[in-house]
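Following: one structure in structure tokens, then a few remarks.
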2 protein chains.
Amino acid sequence: MVLELTEKQEAILDATLELIGERGFHGTPMSAIAEKAGVGAGTIYRYYESKEELINALYVREKQAINAQVLKGYTEELSVRDAVGLMFRNAISARACESARFRFLDQYYNSPFIGDETRRIREQLMSDYVDVIERGICDGEIRDLPLPVVMAMIFGPLAQLSSASQLKDVTLDDELIDQALDAIWRSIGCE
Amino acid sequence: MVLELTEKQEAILDATLELIGERGFHGTPMSAIAEKAGVGAGTIYRYYESKEELINALYVREKQAINAQVLKGYTEELSVRDAVGLMFRNAISARACESARFRFLDQYYNSPFIGDETRRIREQLMSDYVDVIERGICDGEIRDLPLPVVMAMIFGPLAQLSSASQLKDVTLDDELIDQALDAIWRSIGCE
DNA sequence: TTCGTCGGAATGAATGTTCATTCCGCTCTT
DNA sequence: AAGAGCGGAATGAACATTCATTCCGACGAA
């Protein structure tokens with residue numbers, strides 16, 4: 001389901017992303033979005049029924065974009081351990097250079113503006129990761145733990161480290177990332 | 001610095017917690033807070049200069065309350081492994097029964113409404129946990145990893161599991177928690 | 001004990017502002 | 001000229017905040 005976006009739609013979404021990333025939903029009136037996007041206020045409503053729908057559309061677009069970046073370079077040939085490592089590194093660097101996106105996504109992860117439809121899409125986007133992990137469990141690279149535990153041991157530290165580095169509490173150099181990946185693998189890997 | 005709160009102040013904070021927990025900052029006008037708290041709209045402003053200050057005060061109160069629950073039963077006699085286990089379990093059960101608090105805290109963790117002052121207080125509240133971990137590293141119970149990595153390996157999975165259980169994706173029974181703690185310890189423990 | 005006075009806590013209607021949304025007319029395109 | 005696509009001023013509702021007024025308990029005088 002790849003929907004074509006017009007140039008204006010993209011400008012609107014881009015403007016929304018940036019403004020909301022730094023000022024929050026409150027702090028960004030539609031008029032500001034219109035101005036930044038270089039369109040009239042009314043034009044936004046030609047594409048999105050309401051502010052809420054706009055936010056949801058943006059959420060989906062960003063989530064997909066991030067997903068693509070995280071999966072970049074993945075093939076089924078990779079061992080699961082390498083695949084996880086790849087995605088982990090991808091995720092970290094995406095977060096570093098696309099921080100506006102993440103600030104937006106984090107802010108809306110548990111927010112009342114995310115509608116049910118959007119929640120479903122998010123779950124669907126997680127399925128790629130679930131597949132990799134299940135493959136790992138099947139062919140014995142990952143210990144036979146409940147899926148939620150394995151997920152938690154990978155995504156938890158990832159989220160935590162990323163947000164710490166956002167707050168300037170840490171610098172995520174290669175050595176640190178290797179140490180983290182090694183720790184993760186001790187917890188879920190066989191041997 | 002324990003500041004005494006009047007009965008009215010507590011009523012206001014309680015009302016705010018509950019309303020914002022379920023409807024978000026937007027969805028809760030000051031008038032609704034006043035009504036639920038059983039006070040006049042103007043009264044709130046006798047205690048809090050603005051809606052934003054009210055949110056920040058609430059944030060600090062809730063963060064402290066949660067902290068107390070998580071640390072419940074902790075003494076320096078405990079081995080670090082047991083201490084971490086205790087706090088992990090405490091945190092999980094706090095999240096289960098105090099879900100309104102967590103919904104509120106999660107919602108504001110990275111939000112523009114949380115001011116710098118409040119952020120400082122939050123960091124200060126983290127120091128208890130940092131102390132335990134540093135003790136663990138010092139006397140060899142925890143591998144000599146960078147502090148942020150160790151923190152990430154404990155808090156990351158915790159947060160991830162809790163929020164998954166909130167979304168009904170998992171049930172956190174004792175066995176699952178034990179498995180998670182075991183996995184965490186494999187990653188950061190010596191041996 | 002009763003009553004008058006006072007201070008400050010509490011109230012909630014009124015205010016002024018801020019927005020999301022609408023609507024009308026303009027401008028291209030065909 | 002018809003019609004689609006836009007812009008941006010206009011609208012009206014929703015709110016945060018204010019402030020003139022009321023309420024209440026304490027205290028002292030008679």
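Residue numbering restarts at 1 for every chain of the structure tokens, chains are lettered A, B, ... in their displayed order, and ligands are numbered from 1 as they appear.
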Legend entry - Shell of 10 Å around range 9-12 of chain D, only C-alpha atoms (C1' of nucleotides), local chain residues under 6 positions omitted, as number ranges by chain: C: 21-24
Legend entry - DSSP-assigned alpha helix (DSSP H) among chain B, expressed as a ChimeraX atom specification: /B:7-27,30-37,41-47,51-71,80-97,99-108,116-138,147-166,174-188
Inset, instruction - Mind giving me the straight-line distance from CA of Thr43 in chain A to CA of Ala11 in chain A in Å, one decimal? - result: 11.5 Å
Legend entry - Arg46 in chain A surroundings by only C-alpha atoms (C1' of nucleotides), 12 Å radius, close-in-sequence under 5 positions cut, as JSON, numbers by chain: {"A": [6, 8, 9, 12, 39, 40, 41, 51, 54], "C": [21, 22], "D": [4, 5, 6, 7]}
Show me, as a PDB file with all heavy atoms, in the first residue's frame, the residues of chain A whose atoms get within 9 Å of chain C, using only C-alpha atoms (C1' of nucleotides) for the distance check.
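out.pdb was written with the following content:
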ATOM      1  N   PRO A  29       0.370  25.472  16.212  1.00  0.00           N
ATOM      2  CA  PRO A  29      -0.931  25.718  15.599  1.00  0.00           C
ATOM      3  C   PRO A  29      -0.889  25.393  14.112  1.00  0.00           C
ATOM      4  O   PRO A  29       0.173  25.426  13.482  1.00  0.00           O
ATOM      5  CB  PRO A  29      -1.150  27.217  15.797  1.00  0.00           C
ATOM      6  CG  PRO A  29       0.131  27.781  16.235  1.00  0.00           C
ATOM      7  CD  PRO A  29       1.051  26.687  16.630  1.00  0.00           C
ATOM      8  N   MET A  30      -2.028  25.085  13.590  1.00  0.00           N
ATOM      9  CA  MET A  30      -2.133  24.787  12.171  1.00  0.00           C
ATOM     10  C   MET A  30      -1.582  25.948  11.350  1.00  0.00           C
ATOM     11  O   MET A  30      -0.978  25.740  10.300  1.00  0.00           O
ATOM     12  CB  MET A  30      -3.588  24.535  11.794  1.00  0.00           C
ATOM     13  CG  MET A  30      -4.170  23.283  12.403  1.00  0.00           C
ATOM     14  SD  MET A  30      -3.380  21.776  11.828  1.00  0.00           S
ATOM     15  CE  MET A  30      -4.518  21.257  10.545  1.00  0.00           C
ATOM     16  N   SER A  31      -1.805  27.139  11.829  1.00  0.00           N
ATOM     17  CA  SER A  31      -1.335  28.293  11.067  1.00  0.00           C
ATOM     18  C   SER A  31       0.188  28.261  10.927  1.00  0.00           C
ATOM     19  O   SER A  31       0.728  28.609   9.878  1.00  0.00           O
ATOM     20  CB  SER A  31      -1.775  29.578  11.750  1.00  0.00           C
ATOM     21  OG  SER A  31      -1.273  29.633  13.060  1.00  0.00           O
ATOM     22  N   GLY A  42      -6.034  26.842   4.812  1.00  0.00           N
ATOM     23  CA  GLY A  42      -7.140  26.025   4.321  1.00  0.00           C
ATOM     24  C   GLY A  42      -6.675  24.830   3.506  1.00  0.00           C
ATOM     25  O   GLY A  42      -7.335  23.785   3.483  1.00  0.00           O
ATOM     26  N   TYR A  45      -6.473  21.376   4.930  1.00  0.00           N
ATOM     27  CA  TYR A  45      -7.718  20.639   5.092  1.00  0.00           C
ATOM     28  C   TYR A  45      -8.196  19.989   3.803  1.00  0.00           C
ATOM     29  O   TYR A  45      -9.111  19.193   3.794  1.00  0.00           O
ATOM     30  CB  TYR A  45      -8.796  21.562   5.682  1.00  0.00           C
ATOM     31  CG  TYR A  45      -8.505  21.845   7.120  1.00  0.00           C
ATOM     32  CD1 TYR A  45      -7.645  22.864   7.496  1.00  0.00           C
ATOM     33  CD2 TYR A  45      -9.028  21.029   8.103  1.00  0.00           C
ATOM     34  CE1 TYR A  45      -7.338  23.091   8.811  1.00  0.00           C
ATOM     35  CE2 TYR A  45      -8.725  21.245   9.437  1.00  0.00           C
ATOM     36  CZ  TYR A  45      -7.878  22.281   9.784  1.00  0.00           C
ATOM     37  OH  TYR A  45      -7.573  22.483  11.091  1.00  0.00           O
ATOM     38  N   SER A  50      -8.496  16.746   9.667  1.00  0.00           N
ATOM     39  CA  SER A  50      -8.352  17.450  10.941  1.00  0.00           C
ATOM     40  C   SER A  50      -6.897  17.400  11.361  1.00  0.00           C
ATOM     41  O   SER A  50      -6.089  16.667  10.793  1.00  0.00           O
ATOM     42  CB  SER A  50      -9.202  16.778  12.012  1.00  0.00           C
ATOM     43  OG  SER A  50      -8.661  15.500  12.292  1.00  0.00           O
ATOM     44  N   LYS A  51      -6.585  18.146  12.361  1.00  0.00           N
ATOM     45  CA  LYS A  51      -5.223  18.145  12.883  1.00  0.00           C
ATOM     46  C   LYS A  51      -4.849  16.741  13.358  1.00  0.00           C
ATOM     47  O   LYS A  51      -3.751  16.271  13.131  1.00  0.00           O
ATOM     48  CB  LYS A  51      -5.130  19.129  14.044  1.00  0.00           C
ATOM     49  CG  LYS A  51      -3.728  19.360  14.552  1.00  0.00           C
ATOM     50  CD  LYS A  51      -3.705  20.434  15.611  1.00  0.00           C
ATOM     51  CE  LYS A  51      -2.274  20.745  16.052  1.00  0.00           C
ATOM     52  NZ  LYS A  51      -2.241  21.781  17.096  1.00  0.00           N
TER      53      LYS A  51
END
Legend entry - Superposition RMSD [C-alpha atoms, order-paired], chain A onto chain B: 0.1 Å
Please produce, as a Markdown table, a per-residue contact table for chain D versus chain B (criterion: any atom at most 12 Å away, only C-alpha atoms (C1' of nucleotides) considered), showing the nearest atom pair and its distance in Å to one decimal, sorted by chain then residue number.
| residue | atom | partner | partner_atom | distance |
| --- | --- | --- | --- | --- |
| D:DA14 | C1' | B:Pro29 | CA | 9.1 |
| D:DC15 | C1' | B:Pro29 | CA | 6.8 |
| D:DA16 | C1' | B:Met30 | CA | 7.4 |
| D:DT17 | C1' | B:Gly42 | CA | 8.2 |
| D:DT18 | C1' | B:Gly42 | CA | 8.3 |
| D:DC19 | C1' | B:Gly42 | CA | 9.5 |
Inset, instruction - Could you please select, counting only C-alpha atoms, the residues of chain A within 6 Å of chain B and state them as a PyMOL selection string? - result: chain A and resi 110+149+152-153+156-157+160-161+180+183+186-187
